[in-house]
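Asker: File follows, protein_8.csv with CSV, C-alpha atoms:
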```csv
chain,number,residue,atom,x,y,z
A,216,MET,CA,101.2,240.1,28.9
A,217,THR,CA,99.2,243.0,27.5
A,218,MET,CA,97.1,245.2,29.8
A,219,ARG,CA,93.9,243.8,28.3
A,220,ALA,CA,95.0,240.2,29.0
A,221,PHE,CA,96.0,241.2,32.5
A,222,LEU,CA,92.6,242.8,33.1
A,223,LEU,CA,90.8,239.7,31.8
A,224,VAL,CA,92.8,237.5,34.2
A,225,LEU,CA,92.0,239.9,37.1
A,226,ALA,CA,88.3,239.8,36.2
A,227,ALA,CA,88.3,236.0,36.0
A,228,LEU,CA,89.9,235.7,39.4
A,229,ALA,CA,87.4,238.1,40.9
A,230,GLY,CA,84.6,236.0,39.5
A,231,LEU,CA,86.2,232.8,40.8
A,232,PHE,CA,86.5,234.0,44.3
A,233,SER,CA,83.4,236.2,44.5
A,234,ASP,CA,80.9,235.6,47.2
A,235,HIS,CA,77.5,234.2,46.4
A,236,ALA,CA,74.5,236.5,46.5
A,237,SER,CA,74.2,237.9,50.0
A,238,ALA,CA,71.5,236.3,52.1
A,239,MET,CA,68.2,238.0,52.4
A,240,LYS,CA,67.8,239.8,55.7
A,241,LEU,CA,64.7,240.0,57.9
A,242,GLY,CA,62.7,243.0,56.7
A,243,ASP,CA,63.8,242.7,53.1
A,244,VAL,CA,61.0,242.5,50.5
A,245,ALA,CA,61.0,239.1,49.0
A,246,PRO,CA,61.7,239.1,45.3
A,247,ASP,CA,58.6,238.4,43.2
A,248,PHE,CA,58.5,235.4,40.9
A,249,THR,CA,56.1,233.7,38.7
A,250,ARG,CA,56.6,230.0,38.1
A,251,ALA,CA,54.4,227.1,37.0
A,252,ASP,CA,53.3,224.6,39.6
A,253,GLN,CA,53.1,220.9,38.9
A,254,GLY,CA,49.7,221.4,37.2
A,255,ASP,CA,51.2,224.1,34.9
A,256,LYS,CA,49.3,226.8,36.8
A,257,ASP,CA,51.2,230.0,37.4
A,258,VAL,CA,52.2,230.8,40.9
A,259,GLN,CA,53.1,234.5,41.5
A,260,LEU,CA,54.4,235.4,44.9
A,261,SER,CA,53.0,239.0,44.8
A,262,ARG,CA,49.5,237.7,44.2
A,263,TYR,CA,49.6,236.5,47.8
A,264,ARG,CA,50.1,240.0,49.3
A,265,GLY,CA,47.8,240.3,52.2
A,266,LYS,CA,48.5,236.7,53.3
A,267,LEU,CA,51.3,235.2,55.3
A,268,VAL,CA,53.4,233.1,52.9
A,269,LEU,CA,55.4,230.2,54.1
A,270,LEU,CA,58.0,229.7,51.3
A,271,ASN,CA,59.7,226.3,51.6
A,272,PHE,CA,62.8,225.3,49.6
A,273,TRP,CA,63.0,221.5,49.5
A,274,ALA,CA,64.0,218.6,47.4
A,275,SER,CA,62.8,215.0,47.1
A,276,TRP,CA,66.2,213.7,48.2
A,277,CYS,CA,66.3,215.8,51.4
A,278,PRO,CA,65.3,213.7,54.4
A,279,PRO,CA,64.4,216.6,56.8
A,280,CYS,CA,62.4,218.2,54.0
A,281,ARG,CA,60.4,215.1,53.6
A,282,GLU,CA,59.6,215.2,57.3
A,283,GLU,CA,58.5,218.8,57.2
A,284,MET,CA,56.2,218.6,54.2
A,285,PRO,CA,53.3,216.7,55.7
A,286,VAL,CA,53.3,219.3,58.5
A,287,PHE,CA,53.2,222.2,56.1
A,288,SER,CA,50.5,220.4,54.1
A,289,ARG,CA,48.4,220.2,57.3
A,290,TRP,CA,49.0,223.8,58.1
A,291,GLN,CA,47.9,224.8,54.6
A,292,LYS,CA,44.6,223.0,55.2
A,293,THR,CA,44.0,224.2,58.8
A,294,LEU,CA,45.5,227.7,58.7
A,295,GLN,CA,44.6,228.8,55.2
A,296,PRO,CA,41.3,230.3,56.4
A,297,ALA,CA,43.3,232.4,58.8
A,298,GLY,CA,45.5,233.8,56.0
A,299,LEU,CA,48.3,231.3,55.5
A,300,GLN,CA,49.6,230.3,52.1
A,301,VAL,CA,52.3,227.7,51.7
A,302,ILE,CA,54.4,227.5,48.5
A,303,GLY,CA,57.0,224.9,47.9
A,304,VAL,CA,60.1,225.4,45.7
A,305,SER,CA,61.7,222.2,44.7
A,306,MET,CA,65.5,222.3,44.2
A,307,ASP,CA,65.5,218.9,42.5
A,308,ASP,CA,67.6,218.8,39.3
A,309,ASP,CA,64.9,216.8,37.6
A,310,ARG,CA,61.2,217.8,37.4
A,311,SER,CA,60.2,214.2,36.8
A,312,GLU,CA,61.6,213.2,40.2
A,313,VAL,CA,59.4,215.9,41.8
A,314,LYS,CA,56.3,214.6,39.9
A,315,ARG,CA,57.1,211.0,41.0
A,316,PHE,CA,57.7,212.1,44.6
A,317,LEU,CA,54.4,214.1,44.8
A,318,SER,CA,52.4,211.3,43.3
A,319,GLN,CA,53.5,209.2,46.3
A,320,TYR,CA,53.5,212.0,48.9
A,321,PRO,CA,51.0,214.6,47.7
A,322,VAL,CA,50.8,218.0,49.5
A,323,SER,CA,47.9,220.5,49.7
A,324,TYR,CA,49.9,223.5,48.4
A,325,PRO,CA,51.5,224.5,45.1
A,326,ILE,CA,55.0,223.3,44.2
A,327,VAL,CA,57.1,225.2,41.7
A,328,MET,CA,60.6,224.3,40.4
A,329,GLY,CA,63.6,226.3,41.5
A,330,ASP,CA,67.1,226.5,40.0
A,331,ALA,CA,70.4,228.3,40.7
A,332,ARG,CA,69.2,231.6,39.3
A,333,PHE,CA,66.0,231.5,41.3
A,334,ALA,CA,67.9,230.6,44.4
A,335,GLU,CA,70.2,233.5,44.0
A,336,GLN,CA,67.3,235.9,44.0
A,337,PHE,CA,66.7,234.7,47.5
A,338,GLY,CA,70.3,235.1,48.6
A,339,GLY,CA,71.2,231.5,47.7
A,340,VAL,CA,69.9,228.2,48.7
A,341,LEU,CA,73.0,226.4,49.8
A,342,GLY,CA,71.5,223.9,52.1
A,343,LEU,CA,68.1,222.4,52.7
A,344,PRO,CA,65.5,222.7,54.0
A,345,LEU,CA,65.2,226.5,53.9
A,346,THR,CA,62.0,228.2,54.8
A,347,TYR,CA,61.0,231.9,54.7
A,348,LEU,CA,57.9,233.5,56.3
A,349,ILE,CA,56.8,236.5,54.2
A,350,ASP,CA,54.3,238.8,55.8
A,351,ALA,CA,51.2,240.5,54.2
A,352,GLN,CA,53.4,243.3,52.9
A,353,GLY,CA,55.8,240.9,51.2
A,354,ARG,CA,58.6,241.3,53.7
A,355,VAL,CA,60.7,238.5,55.1
A,356,VAL,CA,59.8,238.1,58.8
A,357,ALA,CA,61.6,234.8,59.6
A,358,ARG,CA,64.2,232.5,58.0
A,359,TYR,CA,64.7,228.9,59.0
A,360,GLN,CA,67.8,227.1,57.7
A,361,GLY,CA,68.2,223.4,58.2
A,362,GLU,CA,66.1,221.2,60.4
A,363,ALA,CA,63.7,223.7,61.9
A,364,ASP,CA,61.9,223.4,65.2
A,365,LEU,CA,58.4,223.0,63.8
A,366,ALA,CA,56.7,223.8,67.1
A,367,LYS,CA,58.5,227.2,67.2
A,368,MET,CA,57.7,227.8,63.6
A,369,GLU,CA,54.1,227.0,64.1
A,370,ALA,CA,54.0,229.4,67.1
A,371,LYS,CA,55.5,232.1,64.9
A,372,VAL,CA,53.0,231.4,62.1
A,373,LYS,CA,50.1,231.7,64.4
A,374,GLU,CA,51.5,234.8,66.0
A,375,MET,CA,51.8,236.4,62.6
A,376,LEU,CA,48.3,235.4,61.6
A,377,ARG,CA,46.9,237.0,64.7
A,378,ARG,CA,48.3,240.4,63.8
B,235,MET,CA,51.3,180.4,41.5
B,236,LYS,CA,54.8,180.7,40.0
B,237,HIS,CA,53.7,183.9,38.2
B,238,ALA,CA,52.3,185.4,41.4
B,239,LEU,CA,55.5,184.7,43.3
B,240,LEU,CA,57.6,186.2,40.5
B,241,SER,CA,55.4,189.4,40.5
B,242,LEU,CA,55.7,189.6,44.3
B,243,LEU,CA,59.5,189.3,44.1
B,244,THR,CA,59.6,192.0,41.4
B,245,ALA,CA,57.5,194.3,43.5
B,246,CYS,CA,59.7,193.7,46.5
B,247,MET,CA,62.8,194.5,44.4
B,248,LEU,CA,61.2,197.7,43.1
B,249,LEU,CA,60.2,198.8,46.6
B,250,GLY,CA,63.7,198.0,47.9
B,251,ALA,CA,65.2,200.1,45.1
B,252,ALA,CA,62.9,203.0,45.9
B,253,ASN,CA,63.6,202.8,49.6
B,254,SER,CA,67.3,202.6,49.2
B,255,ALA,CA,67.2,206.1,47.6
B,256,LEU,CA,65.2,207.4,50.6
B,257,ALA,CA,67.1,205.6,53.4
B,258,ALA,CA,70.7,206.5,52.5
B,259,LYS,CA,73.7,205.3,54.5
B,260,PRO,CA,74.6,207.9,57.1
B,261,ALA,CA,77.6,210.1,56.6
B,262,GLU,CA,78.8,209.0,60.0
B,263,SER,CA,79.8,205.7,58.4
B,264,ILE,CA,82.8,207.3,56.8
B,265,PRO,CA,85.9,206.6,59.0
B,266,ALA,CA,86.9,209.6,61.1
B,267,ALA,CA,90.5,209.4,59.7
B,268,ASN,CA,89.1,210.1,56.3
B,269,LEU,CA,87.3,213.3,57.2
B,270,VAL,CA,88.6,216.8,56.6
B,271,GLN,CA,87.5,219.9,58.4
B,272,PRO,CA,86.3,222.8,56.1
B,273,ALA,CA,88.8,225.2,57.6
B,274,ASP,CA,91.7,222.9,57.0
B,275,TRP,CA,90.7,222.3,53.4
B,276,ALA,CA,90.1,226.0,52.8
B,277,THR,CA,93.7,226.6,53.8
B,278,GLN,CA,94.9,224.1,51.2
B,279,VAL,CA,92.7,225.7,48.6
B,280,LYS,CA,94.1,229.1,49.4
B,281,ASP,CA,97.7,228.0,49.3
B,282,GLY,CA,97.2,226.0,46.1
B,283,SER,CA,98.1,222.6,47.6
B,284,ALA,CA,94.5,221.4,47.2
B,285,ALA,CA,95.0,221.4,43.4
B,286,LYS,CA,96.9,218.1,43.7
B,287,THR,CA,93.7,216.4,44.8
B,288,LEU,CA,90.7,215.6,42.6
B,289,MET,CA,87.9,217.5,44.3
B,290,LEU,CA,84.4,216.2,43.5
B,291,HIS,CA,81.1,217.6,44.5
B,292,VAL,CA,78.7,214.6,45.0
B,293,GLY,CA,75.6,216.6,45.9
B,294,PHE,CA,73.1,218.3,43.6
B,295,LYS,CA,73.7,220.3,40.5
B,296,THR,CA,71.5,223.3,41.7
B,297,MET,CA,73.7,223.5,44.7
B,298,PHE,CA,77.0,223.1,42.8
B,299,ASP,CA,76.0,225.8,40.3
B,300,GLN,CA,75.4,228.3,43.0
B,301,ALA,CA,78.6,227.8,45.0
B,302,HIS,CA,81.4,225.2,45.0
B,303,ILE,CA,85.0,224.9,45.9
B,304,PRO,CA,87.2,226.4,43.1
B,305,GLY,CA,88.7,223.7,41.0
B,306,SER,CA,86.1,221.0,42.1
B,307,GLU,CA,84.0,219.2,39.6
B,308,TYR,CA,80.4,218.1,39.7
B,309,ALA,CA,80.1,214.2,40.0
B,310,GLY,CA,76.8,213.4,41.6
B,311,PRO,CA,74.4,213.0,43.1
B,312,GLY,CA,75.6,210.1,45.2
B,313,ASN,CA,72.2,209.0,46.2
B,314,THR,CA,71.2,207.7,42.8
B,315,GLY,CA,72.5,205.0,40.5
B,316,ALA,CA,72.9,207.5,37.7
B,317,GLY,CA,74.9,209.9,40.0
B,318,LEU,CA,77.2,207.2,41.2
B,319,GLN,CA,77.8,206.2,37.5
B,320,VAL,CA,78.9,209.8,36.8
B,321,LEU,CA,81.3,209.5,39.7
B,322,ARG,CA,82.7,206.1,38.5
B,323,ASP,CA,83.1,207.4,35.0
B,324,ARG,CA,85.0,210.4,36.3
B,325,VAL,CA,87.6,208.4,38.3
B,326,ALA,CA,87.9,205.6,35.7
B,327,GLY,CA,91.5,205.3,34.7
B,328,LEU,CA,92.9,207.1,37.8
B,329,ALA,CA,95.6,205.4,39.8
B,330,LYS,CA,94.0,203.7,42.9
B,331,GLY,CA,96.2,205.8,45.2
B,332,ALA,CA,95.2,209.1,43.6
B,333,PRO,CA,94.0,211.6,46.2
B,334,ILE,CA,90.3,212.3,45.9
B,335,LEU,CA,88.2,214.6,48.1
B,336,ILE,CA,84.4,214.5,48.0
B,337,TYR,CA,82.0,216.9,49.5
B,338,CYS,CA,78.3,217.7,49.5
B,339,GLY,CA,76.7,220.0,52.1
B,340,CYS,CA,73.2,219.7,50.8
B,341,CYS,CA,71.8,218.9,54.2
B,342,PRO,CA,73.0,218.5,57.8
B,343,TRP,CA,75.9,216.0,57.9
B,344,SER,CA,73.9,213.3,59.8
B,345,ARG,CA,71.1,213.5,57.1
B,346,CYS,CA,73.2,213.8,53.9
B,347,PRO,CA,72.0,211.2,51.4
B,348,ASN,CA,75.0,211.5,49.1
B,349,VAL,CA,78.4,211.6,50.7
B,350,ALA,CA,78.6,208.1,52.3
B,351,ALA,CA,77.3,206.4,49.1
B,352,ALA,CA,79.9,208.2,47.0
B,353,TYR,CA,82.6,207.3,49.5
B,354,ASP,CA,81.6,203.7,49.5
B,355,ALA,CA,81.5,203.6,45.7
B,356,LEU,CA,85.1,204.9,45.5
B,357,VAL,CA,86.3,202.5,48.2
B,358,GLU,CA,84.6,199.6,46.3
B,359,LEU,CA,86.5,200.6,43.2
B,360,GLY,CA,89.7,200.2,45.1
B,361,PHE,CA,90.6,203.9,45.8
B,362,THR,CA,92.7,204.1,48.9
B,363,ASN,CA,93.1,207.8,49.4
B,364,VAL,CA,89.6,209.1,49.6
B,365,LYS,CA,88.7,211.9,52.0
B,366,ALA,CA,85.4,213.7,52.6
B,367,ILE,CA,84.8,217.2,54.0
B,368,ILE,CA,82.7,217.1,57.1
B,369,ILE,CA,80.1,219.7,56.5
B,370,ASN,CA,78.0,219.9,59.7
B,371,ASP,CA,75.1,222.1,58.6
B,372,ASN,CA,75.3,222.9,54.9
B,373,PHE,CA,77.7,224.3,52.4
B,374,GLY,CA,76.3,227.8,52.8
B,375,THR,CA,76.8,228.0,56.5
B,376,ASP,CA,80.0,225.9,56.8
B,377,TRP,CA,81.9,227.1,53.8
B,378,VAL,CA,80.5,230.2,52.0
B,379,ASP,CA,79.5,232.2,55.1
B,380,LYS,CA,83.0,231.6,56.5
B,381,GLY,CA,84.5,233.4,53.6
B,382,TYR,CA,86.3,230.4,52.2
B,383,PRO,CA,87.1,230.4,48.5
B,384,THR,CA,84.0,229.9,46.4
B,385,ALA,CA,83.2,229.7,42.7
B,386,LYS,CA,79.9,229.4,40.9
B,387,THR,CA,79.0,228.0,37.6
B,388,GLN,CA,78.9,230.8,35.0
```
Is it possible to give me this structure as C-alpha cells?
Answerer:
Amino acid sequence: MTMRAFLLVLAALAGLFSDHASAMKLGDVAPDFTRADQGDKDVQLSRYRGKLVLLNFWASWCPPCREEMPVFSRWQKTLQPAGLQVIGVSMDDDRSEVKRFLSQYPVSYPIVMGDARFAEQFGGVLGLPLTYLIDAQGRVVARYQGEADLAKMEAKVKEMLRR
Amino acid sequence: MKHALLSLLTACMLLGAANSALAAKPAESIPAANLVQPADWATQVKDGSAAKTLMLHVGFKTMFDQAHIPGSEYAGPGNTGAGLQVLRDRVAGLAKGAPILIYCGCCPWSRCPNVAAAYDALVELGFTNVKAIIINDNFGTDWVDKGYPTAKTQ
C-alpha cells in the first residue's frame, strides 16, 4: 500500500468514527439562519434579537412534538406582547407532509424546514422534540431534549420575559 | 342511499389510514427477548461481529444523515407505508433466518412510531432472527453521547 493510499484509508476511518457536531452549550450564541416559512416568507433568527425566541425542532411523525405544539401556539398568542417569539423547525423529510399536517393542526407561529446540515449548526438534532430558549442577545439560555415538562418551561419563559 | 353509504365507508377508511400513521403501535410490543441494549451492540460494532448482521435504520432520513451506526443502512421510516415498502424491498431475497437488527431513536422508546411497525413487518415476512436496539431517550443521548461508533452521511 502506498503512503497516499494509507493516508486515504486513515482519513476515511477518521470520518467514519468521528463524533457528530458537539451540542450547543448554554451561553453559546445561536447560529443565525434564514429559511422560508410555509408561506415562503423568510424567517431570520437574528431579526428577533431583543425578543425571547423559543426554537422548537419537531416533526409531524413525533407524538410528543404534536402534544407540545398547541401549547407553543397558545404561548405565541398570549406571550408575544411580552416579547416571546416561537419558531418551529420541522425535521420531516418531506415538506408536503408538513403542509398537510399544518393544514389539519395550524399553529400561530412560523414553521421552517430543517435538514441534517441545519441540525448540525445547532449541535445535531438526534432526537425529538428539542427546544431551545434564546435570549434577547441571541444566546442559548435553556435546552429541552425529549418530552419536556411544559409547566417548568413556561415558568422559565415567563422568568426570562420579566428580565 | 347506496352512494351515501359508499362515501361514508370511504371517508372512514381514509380517516383510519390517517390515524394509523398517528397512533403507531408502541415499541413495548416487541418481545423483550428480541431487544438489544445499546452498550452490548456497540461492543459488537467495535469488535466487528456486528458486521454479520444486516443493520437497518427504520427512523427518519434527517436523523440517519446526521448520525447512524457504521455499516447500517437507511430503510424507513417504519410509520409509513412507503417506508415499510423500502424495508420490504431491502430484505427481499434474504434467507428467513438472516440476522437483522433494526433501530430508530427518533423519540423516547415508548413514543417511537417506527420501530414496532418495522419489527412487525419483518416478522410478517417470516424473518425469525429480528432484533431491535432499545433506545430509551433518543439516538443522540443513548448512542452518540456515549461515545459509541457513529457515522454520518457524507
Asker: Taking into account all atoms listed in the file, which residue in the set A:Glu312, A:Ser305, A:Val340, A:Lys373 is nearest to B:Gly339?
Answerer: A:Val340
Asker: Between A:Arg332, A:Arg281, A:Lys266, A:Lys256, which residue has the minimum interatomic distance to B:Met297, considering all atoms listed in the file?
Answerer: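 Nearest to B:Met297: A:Arg332.
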Asker: Using only C-alpha atoms, which residues sit within 10 Å of stretch 356-369 of chain A once same-chain residues fewer than 2 positions away are excluded, as a ChimeraX atom specification?
Answerer: /A:239-245,267,269-272,278-280,282-283,286-287,290,340-350,353-354,371-375 /B:340-342,345,371-372,374-375
Asker: Can you tell me how far atom CA of B:Gly312 sits from atom CA of B:Cys338, in Å to one decimal?
Answerer: 9.1 Å
Asker: Restrict the distance test to only C-alpha atoms, flag each residue of chain B within 10 Å of chain A, and return the flagged residues as a PDB file with C-alpha atoms, in the coordinates of the input.
Answerer:
```
ATOM      1  CA  ALA B 255      67.200 206.100  47.600  1.00  0.00           C
ATOM      2  CA  LEU B 256      65.200 207.400  50.600  1.00  0.00           C
ATOM      3  CA  ALA B 257      67.100 205.600  53.400  1.00  0.00           C
ATOM      4  CA  ALA B 258      70.700 206.500  52.500  1.00  0.00           C
ATOM      5  CA  PHE B 294      73.100 218.300  43.600  1.00  0.00           C
ATOM      6  CA  LYS B 295      73.700 220.300  40.500  1.00  0.00           C
ATOM      7  CA  THR B 296      71.500 223.300  41.700  1.00  0.00           C
ATOM      8  CA  MET B 297      73.700 223.500  44.700  1.00  0.00           C
ATOM      9  CA  PHE B 298      77.000 223.100  42.800  1.00  0.00           C
ATOM     10  CA  ASP B 299      76.000 225.800  40.300  1.00  0.00           C
ATOM     11  CA  GLN B 300      75.400 228.300  43.000  1.00  0.00           C
ATOM     12  CA  ALA B 301      78.600 227.800  45.000  1.00  0.00           C
ATOM     13  CA  HIS B 302      81.400 225.200  45.000  1.00  0.00           C
ATOM     14  CA  ILE B 303      85.000 224.900  45.900  1.00  0.00           C
ATOM     15  CA  PRO B 304      87.200 226.400  43.100  1.00  0.00           C
ATOM     16  CA  GLY B 305      88.700 223.700  41.000  1.00  0.00           C
ATOM     17  CA  PRO B 311      74.400 213.000  43.100  1.00  0.00           C
ATOM     18  CA  ASN B 313      72.200 209.000  46.200  1.00  0.00           C
ATOM     19  CA  THR B 314      71.200 207.700  42.800  1.00  0.00           C
ATOM     20  CA  CYS B 338      78.300 217.700  49.500  1.00  0.00           C
ATOM     21  CA  GLY B 339      76.700 220.000  52.100  1.00  0.00           C
ATOM     22  CA  CYS B 340      73.200 219.700  50.800  1.00  0.00           C
ATOM     23  CA  CYS B 341      71.800 218.900  54.200  1.00  0.00           C
ATOM     24  CA  PRO B 342      73.000 218.500  57.800  1.00  0.00           C
ATOM     25  CA  ARG B 345      71.100 213.500  57.100  1.00  0.00           C
ATOM     26  CA  CYS B 346      73.200 213.800  53.900  1.00  0.00           C
ATOM     27  CA  PRO B 347      72.000 211.200  51.400  1.00  0.00           C
ATOM     28  CA  ASN B 348      75.000 211.500  49.100  1.00  0.00           C
ATOM     29  CA  ASP B 371      75.100 222.100  58.600  1.00  0.00           C
ATOM     30  CA  ASN B 372      75.300 222.900  54.900  1.00  0.00           C
ATOM     31  CA  PHE B 373      77.700 224.300  52.400  1.00  0.00           C
ATOM     32  CA  GLY B 374      76.300 227.800  52.800  1.00  0.00           C
ATOM     33  CA  THR B 375      76.800 228.000  56.500  1.00  0.00           C
ATOM     34  CA  ASP B 376      80.000 225.900  56.800  1.00  0.00           C
ATOM     35  CA  TRP B 377      81.900 227.100  53.800  1.00  0.00           C
ATOM     36  CA  VAL B 378      80.500 230.200  52.000  1.00  0.00           C
ATOM     37  CA  ASP B 379      79.500 232.200  55.100  1.00  0.00           C
ATOM     38  CA  GLY B 381      84.500 233.400  53.600  1.00  0.00           C
ATOM     39  CA  TYR B 382      86.300 230.400  52.200  1.00  0.00           C
ATOM     40  CA  PRO B 383      87.100 230.400  48.500  1.00  0.00           C
ATOM     41  CA  THR B 384      84.000 229.900  46.400  1.00  0.00           C
ATOM     42  CA  ALA B 385      83.200 229.700  42.700  1.00  0.00           C
ATOM     43  CA  LYS B 386      79.900 229.400  40.900  1.00  0.00           C
ATOM     44  CA  THR B 387      79.000 228.000  37.600  1.00  0.00           C
ATOM     45  CA  GLN B 388      78.900 230.800  35.000  1.00  0.00           C
TER      46      GLN B 388
END
```
Asker: Would you mind listing what lies within 8 Å of B:Leu290 as a PyMOL selection string, with all atoms listed in the file counted and same-chain residues fewer than 5 positions away left out?
Answerer: chain B and resi 306-309+334-337
Asker: Mind writing the picked residues with C-alpha atoms as an mmCIF file, keeping the file's coordinate frame?
Answerer:
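Below you can see out.cif, which holds the result:
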```cif
data_model
loop_
_atom_site.group_PDB
_atom_site.id
_atom_site.type_symbol
_atom_site.label_atom_id
_atom_site.label_comp_id
_atom_site.auth_asym_id
_atom_site.auth_seq_id
_atom_site.Cartn_x
_atom_site.Cartn_y
_atom_site.Cartn_z
ATOM 1 C CA SER B 306 86.100 221.000 42.100
ATOM 2 C CA GLU B 307 84.000 219.200 39.600
ATOM 3 C CA TYR B 308 80.400 218.100 39.700
ATOM 4 C CA ALA B 309 80.100 214.200 40.000
ATOM 5 C CA ILE B 334 90.300 212.300 45.900
ATOM 6 C CA LEU B 335 88.200 214.600 48.100
ATOM 7 C CA ILE B 336 84.400 214.500 48.000
ATOM 8 C CA TYR B 337 82.000 216.900 49.500
#
```
Asker: Distance atom CA of B:Pro272-atom CA of B:Lys286, one decimal place?
Answerer: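 Atom-to-atom, atom CA of B:Pro272 to atom CA of B:Lys286, that is 17.0 Å.
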Asker: So which one's closest to A:Gln295, A:Ser318, A:Ser261, A:Ser323, A:Gln352? Using only C-alpha atoms, please.
Answerer: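 The closest residue to A:Gln295 is A:Ser323.
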Asker: Could you jot down the atom CA of A:Phe316 to atom CA of B:Ala316 separation for me, Å, one decimal place?
Answerer: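 According to the coordinates, atom CA of A:Phe316 and atom CA of B:Ala316 are separated by 17.3 Å.
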Asker: Tell me which protein, DNA and RNA residues are within 7 Å of A:Thr249, counting all atoms listed in the file, leaving out same-chain ones fewer than 3 positions away, and put them as a ChimeraX atom specification.
Answerer: /A:257-260
Asker: Pick the closest to A:Met328 from A:Arg262, A:Lys314, A:Arg378, A:Arg289: which is it, counting all atoms listed in the file?
Answerer: A:Lys314
